[in-house]
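For reference, target08.pdb is printed below; it contains PDB, C-alpha atoms.
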```
ATOM      1  CA  MET N 194      86.823  84.967 121.436  1.00  0.00           C
ATOM      2  CA  LYS N 195      83.773  83.329 122.820  1.00  0.00           C
ATOM      3  CA  LYS N 196      84.244  79.750 124.032  1.00  0.00           C
ATOM      4  CA  LYS N 197      81.256  78.406 122.096  1.00  0.00           C
ATOM      5  CA  ILE N 198      82.523  79.861 118.800  1.00  0.00           C
ATOM      6  CA  LEU N 199      86.071  78.725 119.506  1.00  0.00           C
ATOM      7  CA  ASN N 200      84.857  75.208 120.275  1.00  0.00           C
ATOM      8  CA  VAL N 201      83.150  75.075 116.862  1.00  0.00           C
ATOM      9  CA  LEU N 202      86.400  76.177 115.198  1.00  0.00           C
ATOM     10  CA  LEU N 203      88.479  73.590 117.076  1.00  0.00           C
ATOM     11  CA  ASN N 204      86.029  70.851 116.058  1.00  0.00           C
ATOM     12  CA  GLN N 205      86.287  71.968 112.416  1.00  0.00           C
ATOM     13  CA  ILE N 206      90.079  71.779 112.643  1.00  0.00           C
ATOM     14  CA  LYS N 207      89.859  68.192 113.940  1.00  0.00           C
ATOM     15  CA  ARG N 208      87.680  67.177 110.953  1.00  0.00           C
ATOM     16  CA  LEU N 209      89.961  68.583 108.247  1.00  0.00           C
ATOM     17  CA  LYS N 210      91.096  66.113 105.599  1.00  0.00           C
ATOM     18  CA  ILE N 211      94.365  67.997 105.116  1.00  0.00           C
ATOM     19  CA  ARG N 212      95.750  70.086 107.962  1.00  0.00           C
ATOM     20  CA  PRO N 213      98.394  72.750 107.817  1.00  0.00           C
ATOM     21  CA  LEU N 214     101.549  72.322 109.856  1.00  0.00           C
ATOM     22  CA  GLN N 215     100.271  74.595 112.610  1.00  0.00           C
ATOM     23  CA  PHE N 216      97.242  76.462 113.915  1.00  0.00           C
ATOM     24  CA  LEU N 217      98.726  79.079 116.207  1.00  0.00           C
ATOM     25  CA  PHE N 218      96.223  80.741 118.523  1.00  0.00           C
ATOM     26  CA  VAL N 219      97.298  83.924 120.274  1.00  0.00           C
ATOM     27  CA  ASP N 220      95.974  84.616 123.754  1.00  0.00           C
ATOM     28  CA  ASP N 221      95.677  88.381 124.012  1.00  0.00           C
ATOM     29  CA  HIS N 222      94.556  88.225 127.648  1.00  0.00           C
ATOM     30  CA  SER N 223      90.906  87.741 126.828  1.00  0.00           C
ATOM     31  CA  THR N 224      88.837  86.730 129.850  1.00  0.00           C
ATOM     32  CA  ASP N 225      86.448  84.423 127.990  1.00  0.00           C
ATOM     33  CA  GLY N 226      88.241  81.148 128.783  1.00  0.00           C
ATOM     34  CA  GLY N 227      89.460  80.602 125.227  1.00  0.00           C
ATOM     35  CA  ALA N 228      93.073  79.968 126.235  1.00  0.00           C
ATOM     36  CA  ALA N 229      92.058  77.103 128.539  1.00  0.00           C
ATOM     37  CA  LEU N 230      89.925  75.572 125.772  1.00  0.00           C
ATOM     38  CA  ILE N 231      92.833  75.731 123.319  1.00  0.00           C
ATOM     39  CA  GLU N 232      95.167  74.192 125.911  1.00  0.00           C
ATOM     40  CA  ALA N 233      92.694  71.336 126.345  1.00  0.00           C
ATOM     41  CA  ASN N 234      92.740  70.750 122.553  1.00  0.00           C
ATOM     42  CA  ARG N 235      96.479  71.109 121.970  1.00  0.00           C
ATOM     43  CA  ASP N 236      98.113  68.643 119.621  1.00  0.00           C
ATOM     44  CA  ASN N 237     100.873  68.700 117.006  1.00  0.00           C
ATOM     45  CA  ALA N 238      98.972  71.192 114.854  1.00  0.00           C
ATOM     46  CA  VAL N 239      97.242  73.304 117.529  1.00  0.00           C
ATOM     47  CA  ALA N 240      99.456  75.625 119.558  1.00  0.00           C
ATOM     48  CA  LEU N 241      98.895  78.532 121.923  1.00  0.00           C
ATOM     49  CA  LEU N 242     101.018  81.664 122.207  1.00  0.00           C
ATOM     50  CA  SER N 243     100.293  83.719 125.317  1.00  0.00           C
ATOM     51  CA  MET N 244     101.090  87.422 125.196  1.00  0.00           C
ATOM     52  CA  LYS N 245     103.133  88.640 128.164  1.00  0.00           C
ATOM     53  CA  GLU N 246     101.306  91.953 128.264  1.00  0.00           C
ATOM     54  CA  LYS N 247      97.843  93.074 127.213  1.00  0.00           C
ATOM     55  CA  THR N 248      98.711  94.993 124.054  1.00  0.00           C
ATOM     56  CA  GLY N 249      95.693  94.522 121.800  1.00  0.00           C
ATOM     57  CA  LYS N 250      94.745  92.567 118.701  1.00  0.00           C
ATOM     58  CA  LYS N 251      97.184  94.220 116.284  1.00  0.00           C
ATOM     59  CA  GLU N 252     100.179  93.292 118.450  1.00  0.00           C
ATOM     60  CA  ALA N 253      98.780  89.775 119.007  1.00  0.00           C
ATOM     61  CA  VAL N 254      98.543  89.226 115.228  1.00  0.00           C
ATOM     62  CA  TYR N 255     102.081  90.599 114.780  1.00  0.00           C
ATOM     63  CA  LYS N 256     103.508  88.263 117.444  1.00  0.00           C
ATOM     64  CA  GLY N 257     101.667  85.321 115.903  1.00  0.00           C
ATOM     65  CA  VAL N 258     103.151  86.053 112.474  1.00  0.00           C
ATOM     66  CA  ILE N 259     106.639  86.314 113.994  1.00  0.00           C
ATOM     67  CA  LYS N 260     106.248  82.956 115.819  1.00  0.00           C
ATOM     68  CA  ALA N 261     104.714  81.106 112.862  1.00  0.00           C
ATOM     69  CA  LYS N 262     106.765  78.147 111.607  1.00  0.00           C
ATOM     70  CA  THR N 263     105.331  77.995 108.108  1.00  0.00           C
ATOM     71  CA  SER N 264     105.978  79.574 104.716  1.00  0.00           C
ATOM     72  CA  TYR N 265     102.366  80.694 104.401  1.00  0.00           C
ATOM     73  CA  ILE N 266     100.365  82.494 107.058  1.00  0.00           C
ATOM     74  CA  LEU N 267      96.595  82.837 107.220  1.00  0.00           C
ATOM     75  CA  CYS N 268      95.150  85.138 109.883  1.00  0.00           C
ATOM     76  CA  TRP N 269      91.625  84.381 111.058  1.00  0.00           C
ATOM     77  CA  ASP N 270      89.286  85.349 113.811  1.00  0.00           C
ATOM     78  CA  ALA N 271      87.667  82.477 115.710  1.00  0.00           C
ATOM     79  CA  ASP N 272      84.220  83.144 114.224  1.00  0.00           C
ATOM     80  CA  ILE N 273      85.050  81.803 110.759  1.00  0.00           C
ATOM     81  CA  SER N 274      83.937  78.496 109.320  1.00  0.00           C
ATOM     82  CA  PHE N 275      85.269  76.389 106.478  1.00  0.00           C
ATOM     83  CA  SER N 276      84.761  73.066 104.727  1.00  0.00           C
ATOM     84  CA  ILE N 277      86.785  69.963 105.555  1.00  0.00           C
ATOM     85  CA  ASP N 278      88.427  70.328 102.113  1.00  0.00           C
ATOM     86  CA  TYR N 279      89.384  73.994 102.612  1.00  0.00           C
ATOM     87  CA  PHE N 280      93.158  73.508 102.874  1.00  0.00           C
ATOM     88  CA  LYS N 281      93.199  70.907 100.122  1.00  0.00           C
ATOM     89  CA  GLU N 282      91.479  73.423  97.826  1.00  0.00           C
ATOM     90  CA  LEU N 283      93.637  76.304  99.026  1.00  0.00           C
ATOM     91  CA  SER N 284      96.852  74.353  98.475  1.00  0.00           C
ATOM     92  CA  THR N 285      96.086  73.971  94.761  1.00  0.00           C
ATOM     93  CA  LYS N 286      95.439  77.662  94.130  1.00  0.00           C
ATOM     94  CA  PRO N 287      99.017  79.020  94.171  1.00  0.00           C
ATOM     95  CA  LYS N 288     100.284  76.104  92.057  1.00  0.00           C
ATOM     96  CA  LYS N 289      97.621  76.663  89.410  1.00  0.00           C
ATOM     97  CA  ALA N 290      98.090  80.413  89.331  1.00  0.00           C
ATOM     98  CA  SER N 291     101.899  80.451  89.848  1.00  0.00           C
ATOM     99  CA  CYS N 292     101.440  83.074  92.520  1.00  0.00           C
ATOM    100  CA  HIS N 293     103.304  83.791  95.736  1.00  0.00           C
ATOM    101  CA  PHE N 294     100.544  85.634  97.555  1.00  0.00           C
ATOM    102  CA  THR N 295      96.864  84.810  97.945  1.00  0.00           C
ATOM    103  CA  CYS N 296      94.484  87.062  99.840  1.00  0.00           C
ATOM    104  CA  THR N 297      90.909  88.147 100.305  1.00  0.00           C
ATOM    105  CA  SER N 298      89.483  91.617  99.825  1.00  0.00           C
ATOM    106  CA  TYR N 299      89.703  92.059 103.619  1.00  0.00           C
ATOM    107  CA  VAL N 300      93.462  91.532 103.510  1.00  0.00           C
ATOM    108  CA  LEU N 301      93.823  93.932 100.590  1.00  0.00           C
ATOM    109  CA  ARG N 302      91.932  96.645 102.490  1.00  0.00           C
ATOM    110  CA  TYR N 303      94.130  96.001 105.538  1.00  0.00           C
ATOM    111  CA  LEU N 304      97.340  96.106 103.499  1.00  0.00           C
ATOM    112  CA  ARG N 305      96.368  99.433 101.942  1.00  0.00           C
ATOM    113  CA  LEU N 306      95.952 100.850 105.440  1.00  0.00           C
ATOM    114  CA  VAL N 307      99.227  99.443 106.750  1.00  0.00           C
ATOM    115  CA  PHE N 308     101.573 100.041 103.831  1.00  0.00           C
TER
END
```
I need this file expressed as structure tokens, please.
Amino acid sequence: MKKKILNVLLNQIKRLKIRPLQFLFVDDHSTDGGAALIEANRDNAVALLSMKEKTGKKEAVYKGVIKAKTSYILCWDADISFSIDYFKELSTKPKKASCHFTCTSYVLRYLRLVF
């Protein structure tokens, strides 16, 4: 992840009206300085998981899911953006729809490939 893009994401996280329990960033041995930037912005909701070996993005996502402390998991790349009400809006969706799984078309395409 590029530091400039990651910095934008971290600033968006700080401005959220409602924050999830945890934003877990996985350091997959990228050399762009992202891990140091995340360390500098660590707080109760921002955490960093460093991979012991350079194994690639798929393994980094897997390890992040395993280490997550929450009931719901949302996997993002650092180049996304969202409104300050994103999690407030997202938190109402499952309750309104009585669903246990919410996803985007990207996730559905990924799940078809994996399962």
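Put simply, the PyMOL selection byres ((chain N and resi 218) around 10) on this file hits Gln215, Phe216, Leu217, Val219, Asp220, Asp221, Gly227, Ala228, Ile231, Glu232, Val239, Ala240, Leu241, Leu242, Ser243, Ala253, Val254, Gly257, Cys268, Trp269, Asp270 and Ala271 of chain N.
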Convert the current residue selection to file output with C-alpha atoms, as a PDB file, in the coordinates of the input.
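Result file result.pdb:
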```pdb
ATOM      1  CA  GLN N 215     100.271  74.595 112.610  1.00  0.00           C
ATOM      2  CA  PHE N 216      97.242  76.462 113.915  1.00  0.00           C
ATOM      3  CA  LEU N 217      98.726  79.079 116.207  1.00  0.00           C
ATOM      4  CA  VAL N 219      97.298  83.924 120.274  1.00  0.00           C
ATOM      5  CA  ASP N 220      95.974  84.616 123.754  1.00  0.00           C
ATOM      6  CA  ASP N 221      95.677  88.381 124.012  1.00  0.00           C
ATOM      7  CA  GLY N 227      89.460  80.602 125.227  1.00  0.00           C
ATOM      8  CA  ALA N 228      93.073  79.968 126.235  1.00  0.00           C
ATOM      9  CA  ILE N 231      92.833  75.731 123.319  1.00  0.00           C
ATOM     10  CA  GLU N 232      95.167  74.192 125.911  1.00  0.00           C
ATOM     11  CA  VAL N 239      97.242  73.304 117.529  1.00  0.00           C
ATOM     12  CA  ALA N 240      99.456  75.625 119.558  1.00  0.00           C
ATOM     13  CA  LEU N 241      98.895  78.532 121.923  1.00  0.00           C
ATOM     14  CA  LEU N 242     101.018  81.664 122.207  1.00  0.00           C
ATOM     15  CA  SER N 243     100.293  83.719 125.317  1.00  0.00           C
ATOM     16  CA  ALA N 253      98.780  89.775 119.007  1.00  0.00           C
ATOM     17  CA  VAL N 254      98.543  89.226 115.228  1.00  0.00           C
ATOM     18  CA  GLY N 257     101.667  85.321 115.903  1.00  0.00           C
ATOM     19  CA  CYS N 268      95.150  85.138 109.883  1.00  0.00           C
ATOM     20  CA  TRP N 269      91.625  84.381 111.058  1.00  0.00           C
ATOM     21  CA  ASP N 270      89.286  85.349 113.811  1.00  0.00           C
ATOM     22  CA  ALA N 271      87.667  82.477 115.710  1.00  0.00           C
TER      23      ALA N 271
END
```
Q. Quick one: distance from CA of His222 in chain N to CA of Lys247 in chain N in Å, one decimal?
A.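 Atom-to-atom, CA of His222 in chain N and CA of Lys247 in chain N are spaced 5.9 Å apart.
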Q: List the neighbours of Ile277 in chain N out to 10 Å using only C-alpha atoms; skip same-chain residues closer than 5 positions along the sequence, and give me the result as number ranges by chain.
A: N: 205-212, 282
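Each of N:Ala229, N:Asp272, N:Ser284, N:Glu252 was compared to Val201 in chain N using only C-alpha atoms, and N:Asp272 turns out to be the nearest.
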What box, with edges along x, y and z, holds each listed atom of range 256-275 of chain N when 4 Å is added on every side, and can you state its centre and edge lengths in Å to one decimal, as AutoDock Vina command-line options?
```
--center_x 95.4 --center_y 82.3 --center_z 110.9 --size_x 30.8 --size_y 19.9 --size_z 21.0
```
